[in-house]
Amino acid sequence: MSRIFNFSAGPAMLPAEVLSRAGDEITDWHGSGMSVMEMSHRGKEFMGIAAEAEKDLRELLAVPANYKVLFLAGGATLQFAQVPMNLLHGKGKADYVATGEWSNKAIKEAKAFCDVHVAASSEDRKFTYAPKKWDVRRDAAYVHYCSNETIGGVEFHDVPKTEIPLVADASSHFMSRPIDVAKFGLIYAGAQKNVGPAGLTIVIVRDDLVGKAAKGTPSVMDYKLQAEADSMLNTPPTYSMYIAGLVFKWMKQQGGLAALEQRNKQKARLLYDVLDATQFYRRPVAKEDRSRMNVPFTLRDAKLDEAFLKGASQAGMVQLKGHRSVGGMRASIYNAMPIEGVQCLVDYMRDFEKAHG
């Protein structure tokens, strides 16, 4: 069976070259006589894999030397609790920006640990834009935002300026474009969008924010202890780290994040141009805040949704159904989605409109 175009929001498509190499190495990694899945995380083979993955990630993102890079388990959702546990530093206050489902989940979790102030919200327009004015308390320990909302398709294209540490849940657009890491106190992201399989979470945290975890913080959730143990305080998600390392190599071969960003802009423009050219499809997100990674849209007549999805599947395109909380459609076009996949989708969308419009 030939490969299909998978528009899933995550776990998402992986580069074909990465899958092919992983397949070649599945039973015998580099003559070791064993699979990476079988390796001890303390053995020299896997220690080398982990070190090279961190090295390549640091190079791709130009991570400053005064930042720790952690490869952790638990998904980005665990960071909703882990961030306040490590970053409150006794202040008891943290500010959050509400722009959709994932930032709201982070807010709800943080309320168990501190006084949460919503510094900005786009709820007034059903979370369809990125608020630019934030009312941030100077005595808050940090301000947290979701820089790309996977479900709603809202993306911050510029890094907000704050006087207190800025924390970003960057899961859905992490490694899709260059970012200035030095503008953040902490960045975290689930890997299953642009980096690798589910099960791995990457945390990039500034040195001065590490080492003051709240009393009662579990050892595996203490950034300092994990950093001192090279992310191996317990057994990490080894195979996911290995695949992520292969993806980082692939990213470098593509020309790095600047080249990937240009390709992602081209793919997003191709899809949004079709959406903007008709009233048959509707775009809920403010134009200046549209995500390049997650593109939600609805059909003018929701009764056609099932026919649209069925036809797309027959044409080799899957996982286009929107999240249950918003309905409609959603096309996630991460790094590994080739432009041919987006072209296939827009051709289908035009044909479907001709047939049903």
# chains A, B, ... in the order shown; residues from 1 in each chain; ligands from 1
>>> select_by_dssp(residues="region 165-320 of chain A", states="strand (DSSP E or B)", output="ChimeraX atom specification")
/A:166-169,186-190,201-206,281-282,290,294-299,317-318
>>> residues_around(residues="Tyr348 (chain A)", least_positions_apart="6", cutoff="10 Å", atoms="only C-alpha atoms", output="PyMOL selection string")
chain A and resi 308+311-312+315+317+342+354
>>> write_last_selection(atoms="N, CA, C and O atoms", output="PDB file, in the first residue's frame")
ATOM      1  N   PHE A 308     -17.545  15.140   2.553  1.00  0.00           N
ATOM      2  CA  PHE A 308     -16.222  15.713   2.337  1.00  0.00           C
ATOM      3  C   PHE A 308     -15.142  14.774   2.868  1.00  0.00           C
ATOM      4  O   PHE A 308     -14.152  14.486   2.187  1.00  0.00           O
ATOM      5  N   GLY A 311     -14.884  11.472   0.793  1.00  0.00           N
ATOM      6  CA  GLY A 311     -14.219  11.694  -0.480  1.00  0.00           C
ATOM      7  C   GLY A 311     -12.725  11.918  -0.323  1.00  0.00           C
ATOM      8  O   GLY A 311     -11.915  11.432  -1.125  1.00  0.00           O
ATOM      9  N   ALA A 312     -12.349  12.645   0.730  1.00  0.00           N
ATOM     10  CA  ALA A 312     -10.932  12.890   0.994  1.00  0.00           C
ATOM     11  C   ALA A 312     -10.208  11.581   1.279  1.00  0.00           C
ATOM     12  O   ALA A 312      -9.103  11.337   0.775  1.00  0.00           O
ATOM     13  N   ALA A 315      -9.488   9.659  -1.673  1.00  0.00           N
ATOM     14  CA  ALA A 315      -8.420  10.280  -2.463  1.00  0.00           C
ATOM     15  C   ALA A 315      -7.062  10.185  -1.767  1.00  0.00           C
ATOM     16  O   ALA A 315      -6.089  10.779  -2.233  1.00  0.00           O
ATOM     17  N   MET A 317      -6.375  10.986   1.592  1.00  0.00           N
ATOM     18  CA  MET A 317      -6.132  12.028   2.602  1.00  0.00           C
ATOM     19  C   MET A 317      -6.978  11.726   3.839  1.00  0.00           C
ATOM     20  O   MET A 317      -8.205  11.596   3.736  1.00  0.00           O
ATOM     21  N   VAL A 342      -0.469  19.071   0.291  1.00  0.00           N
ATOM     22  CA  VAL A 342      -1.331  20.258   0.362  1.00  0.00           C
ATOM     23  C   VAL A 342      -1.958  20.533  -1.000  1.00  0.00           C
ATOM     24  O   VAL A 342      -3.134  20.905  -1.097  1.00  0.00           O
ATOM     25  N   LYS A 354     -17.103  22.460  -6.612  1.00  0.00           N
ATOM     26  CA  LYS A 354     -17.783  22.432  -7.919  1.00  0.00           C
ATOM     27  C   LYS A 354     -18.944  21.439  -7.899  1.00  0.00           C
ATOM     28  O   LYS A 354     -20.007  21.693  -8.512  1.00  0.00           O
TER      29      LYS A 354
END
>>> residues_around(residues="Leu275 (chain A)", least_positions_apart="4", cutoff="10 Å", atoms="only C-alpha atoms", output="ChimeraX atom specification")
/A:269-271,279-283,295,297-298,346,349-350
>>> select_by_dssp(residues="region 136-314 of chain A", states="alpha helix (DSSP H)", output="number ranges by chain")
A: 223-228, 238-253, 256-276, 305-314
>>> residues_around(residues="Val195 (chain A)", least_positions_apart="5", cutoff="10 Å", atoms="only C-alpha atoms", output="JSON, numbers by chain")
{"A": [12, 13, 14, 15, 171, 172, 173, 174, 175, 176, 189, 190, 200, 201, 202, 240, 241, 243, 244, 245, 246, 247, 248, 251, 334, 335, 336]}
>>> write_last_selection(atoms="C-alpha atoms", output="PDB file, in the first residue's frame")
ATOM      1  CA  ALA A  12       1.523  13.305  12.919  1.00  0.00           C
ATOM      2  CA  MET A  13       3.401  12.444   9.748  1.00  0.00           C
ATOM      3  CA  LEU A  14       7.104  11.705  10.016  1.00  0.00           C
ATOM      4  CA  PRO A  15       9.557  12.247   7.154  1.00  0.00           C
ATOM      5  CA  SER A 171       4.025  22.079  20.957  1.00  0.00           C
ATOM      6  CA  SER A 172       2.337  22.545  17.578  1.00  0.00           C
ATOM      7  CA  HIS A 173       4.888  24.789  15.896  1.00  0.00           C
ATOM      8  CA  PHE A 174       8.082  23.806  17.697  1.00  0.00           C
ATOM      9  CA  MET A 175      10.916  23.383  15.159  1.00  0.00           C
ATOM     10  CA  SER A 176       8.775  24.706  12.296  1.00  0.00           C
ATOM     11  CA  ALA A 189       6.757  21.008  23.440  1.00  0.00           C
ATOM     12  CA  GLY A 190       5.334  17.567  22.883  1.00  0.00           C
ATOM     13  CA  LEU A 200       8.664  12.531  24.350  1.00  0.00           C
ATOM     14  CA  THR A 201       8.506  16.104  25.624  1.00  0.00           C
ATOM     15  CA  ILE A 202      11.298  18.622  25.126  1.00  0.00           C
ATOM     16  CA  SER A 240      11.216   8.398  20.799  1.00  0.00           C
ATOM     17  CA  MET A 241      14.503  10.182  21.529  1.00  0.00           C
ATOM     18  CA  ILE A 243      13.574   8.990  16.244  1.00  0.00           C
ATOM     19  CA  ALA A 244      13.750  12.665  17.265  1.00  0.00           C
ATOM     20  CA  GLY A 245      17.489  12.530  16.681  1.00  0.00           C
ATOM     21  CA  LEU A 246      16.893  11.196  13.167  1.00  0.00           C
ATOM     22  CA  VAL A 247      14.362  13.971  12.545  1.00  0.00           C
ATOM     23  CA  PHE A 248      16.904  16.590  13.655  1.00  0.00           C
ATOM     24  CA  MET A 251      15.967  18.972   9.386  1.00  0.00           C
ATOM     25  CA  TYR A 334       3.620  20.069   9.829  1.00  0.00           C
ATOM     26  CA  ASN A 335       7.188  19.914   8.522  1.00  0.00           C
ATOM     27  CA  ALA A 336       6.871  16.362   7.200  1.00  0.00           C
TER      28      ALA A 336
END
>>> atom_distance(atom1="CA of Asn294 (chain A)", atom2="CA of Gln262 (chain A)")
16.1 Å
>>> closest_residue(among="A:Gly152, A:Asp95, A:Asp180, A:Tyr129", to="Leu257 (chain A)", atoms="only C-alpha atoms")
A:Asp180
>>> atom_distance(atom1="CA of Gly92 (chain A)", atom2="CA of Ala130 (chain A)")
26.4 Å
>>> atom_distance(atom1="CA of Gly43 (chain A)", atom2="CA of Asp56 (chain A)")
20.2 Å
>>> residues_around(residues="Phe71 (chain A)", least_positions_apart="6", cutoff="12 Å", atoms="only C-alpha atoms", output="ChimeraX atom specification")
/A:50-51,53-54,57,188-191,195,199-205,220-221,223,226-227,229-242,244-245
>>> residues_around(residues="Leu166 (chain A)", least_positions_apart="3", cutoff="10 Å", atoms="only C-alpha atoms", output="PyMOL selection string")
chain A and resi 95-96+141-145+159-163+183-187
>>> write_last_selection(atoms="N, CA, C and O atoms", output="compact mmCIF listing (two decimals), in the first residue's frame")
# COMPACT_ATOMS: atom_id res chain seq x y z
N ASP A 95 0.97 34.44 35.86
CA ASP A 95 0.02 35.00 34.89
C ASP A 95 -0.08 34.09 33.67
O ASP A 95 0.92 33.47 33.25
N TYR A 96 -1.27 34.02 33.11
CA TYR A 96 -1.52 33.16 31.96
C TYR A 96 -2.32 33.90 30.90
O TYR A 96 -3.11 34.79 31.21
N ALA A 141 5.55 35.23 39.05
CA ALA A 141 6.77 34.46 38.85
C ALA A 141 7.09 34.30 37.36
O ALA A 141 8.26 34.28 36.96
N TYR A 142 6.05 34.22 36.55
CA TYR A 142 6.23 34.05 35.11
C TYR A 142 4.90 34.31 34.42
O TYR A 142 3.85 34.39 35.07
N VAL A 143 4.95 34.44 33.09
CA VAL A 143 3.72 34.53 32.29
C VAL A 143 3.76 33.43 31.24
O VAL A 143 4.76 33.24 30.54
N HIS A 144 2.68 32.69 31.15
CA HIS A 144 2.60 31.50 30.29
C HIS A 144 1.61 31.73 29.15
O HIS A 144 0.53 32.29 29.35
N TYR A 145 1.98 31.29 27.96
CA TYR A 145 1.04 31.32 26.84
C TYR A 145 1.28 30.13 25.93
O TYR A 145 2.35 29.50 25.96
N VAL A 159 7.23 37.08 19.16
CA VAL A 159 7.40 36.75 20.58
C VAL A 159 7.00 37.96 21.41
O VAL A 159 7.57 39.04 21.26
N PRO A 160 6.03 37.82 22.31
CA PRO A 160 5.63 38.95 23.16
C PRO A 160 6.78 39.39 24.08
O PRO A 160 7.61 38.57 24.49
N LYS A 161 6.80 40.68 24.39
CA LYS A 161 7.83 41.20 25.29
C LYS A 161 7.28 41.28 26.71
O LYS A 161 6.19 41.81 26.93
N THR A 162 8.02 40.73 27.65
CA THR A 162 7.60 40.77 29.06
C THR A 162 8.81 41.07 29.94
O THR A 162 9.95 40.80 29.57
N GLU A 163 8.53 41.62 31.12
CA GLU A 163 9.60 41.90 32.07
C GLU A 163 9.85 40.72 33.01
O GLU A 163 10.83 40.70 33.73
N LYS A 183 14.70 34.95 24.36
CA LYS A 183 13.56 35.77 24.78
C LYS A 183 12.63 35.03 25.75
O LYS A 183 11.69 35.61 26.27
N PHE A 184 12.92 33.75 25.98
CA PHE A 184 12.06 32.92 26.82
C PHE A 184 12.77 32.49 28.09
O PHE A 184 14.00 32.31 28.11
N GLY A 185 11.97 32.29 29.14
CA GLY A 185 12.50 31.65 30.33
C GLY A 185 12.46 30.15 30.17
O GLY A 185 13.37 29.43 30.58
N LEU A 186 11.37 29.67 29.53
CA LEU A 186 11.19 28.24 29.33
C LEU A 186 10.31 28.00 28.11
O LEU A 186 9.32 28.71 27.90
N ILE A 187 10.68 27.00 27.32
CA ILE A 187 9.88 26.54 26.19
C ILE A 187 9.67 25.05 26.36
O ILE A 187 10.61 24.32 26.69
>>> residues_around(residues="Leu88 (chain A)", least_positions_apart="3", cutoff="12 Å", atoms="only C-alpha atoms", output="count of residues only")
32
>>> closest_residue(among="A:Ala119, A:Leu70, A:Val63, A:Ala76", to="Ile179 (chain A)", atoms="only C-alpha atoms")
A:Val63
>>> closest_residue(among="A:Arg300, A:Lys193, A:Arg324, A:Lys68", to="Thr278 (chain A)", atoms="only C-alpha atoms")
A:Arg300
>>> decode(residues="region 170-186 of chain A", atoms="all heavy atoms", output="PDB file, in the first residue's frame")
ATOM      1  N   ALA A 170       4.915  25.462  23.135  1.00  0.00           N
ATOM      2  CA  ALA A 170       5.135  25.638  21.699  1.00  0.00           C
ATOM      3  C   ALA A 170       4.872  24.361  20.911  1.00  0.00           C
ATOM      4  O   ALA A 170       5.309  24.237  19.762  1.00  0.00           O
ATOM      5  CB  ALA A 170       6.569  26.101  21.456  1.00  0.00           C
ATOM      6  N   SER A 171       4.134  23.429  21.503  1.00  0.00           N
ATOM      7  CA  SER A 171       4.025  22.079  20.957  1.00  0.00           C
ATOM      8  C   SER A 171       3.758  22.014  19.454  1.00  0.00           C
ATOM      9  O   SER A 171       4.446  21.305  18.725  1.00  0.00           O
ATOM     10  CB  SER A 171       2.939  21.301  21.698  1.00  0.00           C
ATOM     11  OG  SER A 171       3.302  21.074  23.041  1.00  0.00           O
ATOM     12  N   SER A 172       2.775  22.758  18.956  1.00  0.00           N
ATOM     13  CA  SER A 172       2.337  22.545  17.578  1.00  0.00           C
ATOM     14  C   SER A 172       3.157  23.276  16.524  1.00  0.00           C
ATOM     15  O   SER A 172       2.973  23.016  15.335  1.00  0.00           O
ATOM     16  CB  SER A 172       0.858  22.915  17.421  1.00  0.00           C
ATOM     17  OG  SER A 172       0.063  21.759  17.522  1.00  0.00           O
ATOM     18  N   HIS A 173       4.030  24.181  16.929  1.00  0.00           N
ATOM     19  CA  HIS A 173       4.888  24.789  15.896  1.00  0.00           C
ATOM     20  C   HIS A 173       6.365  24.750  16.267  1.00  0.00           C
ATOM     21  O   HIS A 173       7.193  25.377  15.602  1.00  0.00           O
ATOM     22  CB  HIS A 173       4.431  26.207  15.539  1.00  0.00           C
ATOM     23  CG  HIS A 173       4.608  27.215  16.635  1.00  0.00           C
ATOM     24  ND1 HIS A 173       4.500  28.577  16.409  1.00  0.00           N
ATOM     25  CD2 HIS A 173       4.887  27.090  17.953  1.00  0.00           C
ATOM     26  CE1 HIS A 173       4.698  29.233  17.549  1.00  0.00           C
ATOM     27  NE2 HIS A 173       4.935  28.351  18.487  1.00  0.00           N
ATOM     28  N   PHE A 174       6.692  23.985  17.296  1.00  0.00           N
ATOM     29  CA  PHE A 174       8.082  23.806  17.697  1.00  0.00           C
ATOM     30  C   PHE A 174       8.881  23.203  16.546  1.00  0.00           C
ATOM     31  O   PHE A 174       8.470  22.216  15.939  1.00  0.00           O
ATOM     32  CB  PHE A 174       8.135  22.887  18.918  1.00  0.00           C
ATOM     33  CG  PHE A 174       9.507  22.702  19.506  1.00  0.00           C
ATOM     34  CD1 PHE A 174      10.180  23.763  20.077  1.00  0.00           C
ATOM     35  CD2 PHE A 174      10.109  21.450  19.507  1.00  0.00           C
ATOM     36  CE1 PHE A 174      11.437  23.589  20.644  1.00  0.00           C
ATOM     37  CE2 PHE A 174      11.359  21.259  20.076  1.00  0.00           C
ATOM     38  CZ  PHE A 174      12.023  22.333  20.637  1.00  0.00           C
ATOM     39  N   MET A 175      10.007  23.817  16.220  1.00  0.00           N
ATOM     40  CA  MET A 175      10.916  23.383  15.159  1.00  0.00           C
ATOM     41  C   MET A 175      10.342  23.573  13.754  1.00  0.00           C
ATOM     42  O   MET A 175      10.837  23.003  12.785  1.00  0.00           O
ATOM     43  CB  MET A 175      11.337  21.923  15.348  1.00  0.00           C
ATOM     44  CG  MET A 175      11.963  21.624  16.697  1.00  0.00           C
ATOM     45  SD  MET A 175      13.461  22.594  17.048  1.00  0.00           S
ATOM     46  CE  MET A 175      14.672  21.747  16.029  1.00  0.00           C
ATOM     47  N   SER A 176       9.303  24.396  13.626  1.00  0.00           N
ATOM     48  CA  SER A 176       8.775  24.706  12.296  1.00  0.00           C
ATOM     49  C   SER A 176       9.361  26.003  11.748  1.00  0.00           C
ATOM     50  O   SER A 176       9.176  26.314  10.567  1.00  0.00           O
ATOM     51  CB  SER A 176       7.247  24.829  12.338  1.00  0.00           C
ATOM     52  OG  SER A 176       6.849  26.001  13.041  1.00  0.00           O
ATOM     53  N   ARG A 177      10.063  26.738  12.590  1.00  0.00           N
ATOM     54  CA  ARG A 177      10.668  28.020  12.202  1.00  0.00           C
ATOM     55  C   ARG A 177      11.704  28.404  13.246  1.00  0.00           C
ATOM     56  O   ARG A 177      11.672  27.902  14.374  1.00  0.00           O
ATOM     57  CB  ARG A 177       9.591  29.103  12.109  1.00  0.00           C
ATOM     58  CG  ARG A 177       8.799  29.338  13.399  1.00  0.00           C
ATOM     59  CD  ARG A 177       7.669  30.335  13.149  1.00  0.00           C
ATOM     60  NE  ARG A 177       6.765  30.510  14.271  1.00  0.00           N
ATOM     61  CZ  ARG A 177       6.802  31.543  15.118  1.00  0.00           C
ATOM     62  NH1 ARG A 177       7.733  32.469  14.996  1.00  0.00           N
ATOM     63  NH2 ARG A 177       5.905  31.636  16.087  1.00  0.00           N
ATOM     64  N   PRO A 178      12.612  29.298  12.906  1.00  0.00           N
ATOM     65  CA  PRO A 178      13.582  29.749  13.912  1.00  0.00           C
ATOM     66  C   PRO A 178      12.878  30.568  14.996  1.00  0.00           C
ATOM     67  O   PRO A 178      11.890  31.252  14.729  1.00  0.00           O
ATOM     68  CB  PRO A 178      14.540  30.640  13.106  1.00  0.00           C
ATOM     69  CG  PRO A 178      14.305  30.297  11.665  1.00  0.00           C
ATOM     70  CD  PRO A 178      12.867  29.887  11.577  1.00  0.00           C
ATOM     71  N   ILE A 179      13.378  30.488  16.214  1.00  0.00           N
ATOM     72  CA  ILE A 179      12.906  31.348  17.293  1.00  0.00           C
ATOM     73  C   ILE A 179      14.114  31.823  18.094  1.00  0.00           C
ATOM     74  O   ILE A 179      15.153  31.156  18.116  1.00  0.00           O
ATOM     75  CB  ILE A 179      11.908  30.637  18.232  1.00  0.00           C
ATOM     76  CG1 ILE A 179      12.527  29.365  18.824  1.00  0.00           C
ATOM     77  CG2 ILE A 179      10.611  30.318  17.532  1.00  0.00           C
ATOM     78  CD1 ILE A 179      11.683  28.735  19.914  1.00  0.00           C
ATOM     79  N   ASP A 180      13.959  32.960  18.744  1.00  0.00           N
ATOM     80  CA  ASP A 180      15.019  33.489  19.595  1.00  0.00           C
ATOM     81  C   ASP A 180      14.811  32.931  21.002  1.00  0.00           C
ATOM     82  O   ASP A 180      14.027  33.466  21.786  1.00  0.00           O
ATOM     83  CB  ASP A 180      14.979  35.015  19.600  1.00  0.00           C
ATOM     84  CG  ASP A 180      16.158  35.632  20.352  1.00  0.00           C
ATOM     85  OD1 ASP A 180      16.911  34.878  21.003  1.00  0.00           O
ATOM     86  OD2 ASP A 180      16.311  36.863  20.298  1.00  0.00           O
ATOM     87  N   VAL A 181      15.492  31.848  21.307  1.00  0.00           N
ATOM     88  CA  VAL A 181      15.314  31.166  22.587  1.00  0.00           C
ATOM     89  C   VAL A 181      15.600  32.105  23.752  1.00  0.00           C
ATOM     90  O   VAL A 181      14.962  32.015  24.814  1.00  0.00           O
ATOM     91  CB  VAL A 181      16.214  29.915  22.658  1.00  0.00           C
ATOM     92  CG1 VAL A 181      16.138  29.259  24.037  1.00  0.00           C
ATOM     93  CG2 VAL A 181      15.814  28.914  21.576  1.00  0.00           C
ATOM     94  N   ALA A 182      16.513  33.043  23.581  1.00  0.00           N
ATOM     95  CA  ALA A 182      16.908  33.942  24.663  1.00  0.00           C
ATOM     96  C   ALA A 182      15.769  34.843  25.134  1.00  0.00           C
ATOM     97  O   ALA A 182      15.869  35.454  26.204  1.00  0.00           O
ATOM     98  CB  ALA A 182      18.102  34.792  24.230  1.00  0.00           C
ATOM     99  N   LYS A 183      14.701  34.954  24.364  1.00  0.00           N
ATOM    100  CA  LYS A 183      13.555  35.768  24.779  1.00  0.00           C
ATOM    101  C   LYS A 183      12.633  35.027  25.753  1.00  0.00           C
ATOM    102  O   LYS A 183      11.690  35.611  26.267  1.00  0.00           O
ATOM    103  CB  LYS A 183      12.758  36.211  23.552  1.00  0.00           C
ATOM    104  CG  LYS A 183      13.504  37.209  22.659  1.00  0.00           C
ATOM    105  CD  LYS A 183      12.647  37.644  21.492  1.00  0.00           C
ATOM    106  CE  LYS A 183      13.374  38.686  20.639  1.00  0.00           C
ATOM    107  NZ  LYS A 183      12.555  39.128  19.477  1.00  0.00           N
ATOM    108  N   PHE A 184      12.918  33.752  25.982  1.00  0.00           N
ATOM    109  CA  PHE A 184      12.057  32.925  26.820  1.00  0.00           C
ATOM    110  C   PHE A 184      12.773  32.491  28.095  1.00  0.00           C
ATOM    111  O   PHE A 184      13.996  32.312  28.107  1.00  0.00           O
ATOM    112  CB  PHE A 184      11.623  31.662  26.062  1.00  0.00           C
ATOM    113  CG  PHE A 184      10.795  31.930  24.838  1.00  0.00           C
ATOM    114  CD1 PHE A 184      11.402  32.199  23.615  1.00  0.00           C
ATOM    115  CD2 PHE A 184       9.409  31.910  24.899  1.00  0.00           C
ATOM    116  CE1 PHE A 184      10.648  32.447  22.483  1.00  0.00           C
ATOM    117  CE2 PHE A 184       8.642  32.153  23.776  1.00  0.00           C
ATOM    118  CZ  PHE A 184       9.257  32.426  22.558  1.00  0.00           C
ATOM    119  N   GLY A 185      11.972  32.291  29.142  1.00  0.00           N
ATOM    120  CA  GLY A 185      12.504  31.654  30.331  1.00  0.00           C
ATOM    121  C   GLY A 185      12.455  30.151  30.172  1.00  0.00           C
ATOM    122  O   GLY A 185      13.370  29.430  30.585  1.00  0.00           O
ATOM    123  N   LEU A 186      11.371  29.674  29.526  1.00  0.00           N
ATOM    124  CA  LEU A 186      11.188  28.238  29.326  1.00  0.00           C
ATOM    125  C   LEU A 186      10.307  27.997  28.110  1.00  0.00           C
ATOM    126  O   LEU A 186       9.318  28.706  27.896  1.00  0.00           O
ATOM    127  CB  LEU A 186      10.564  27.607  30.577  1.00  0.00           C
ATOM    128  CG  LEU A 186      10.400  26.099  30.621  1.00  0.00           C
ATOM    129  CD1 LEU A 186      10.512  25.589  32.064  1.00  0.00           C
ATOM    130  CD2 LEU A 186       9.054  25.640  30.048  1.00  0.00           C
TER     131      LEU A 186
END
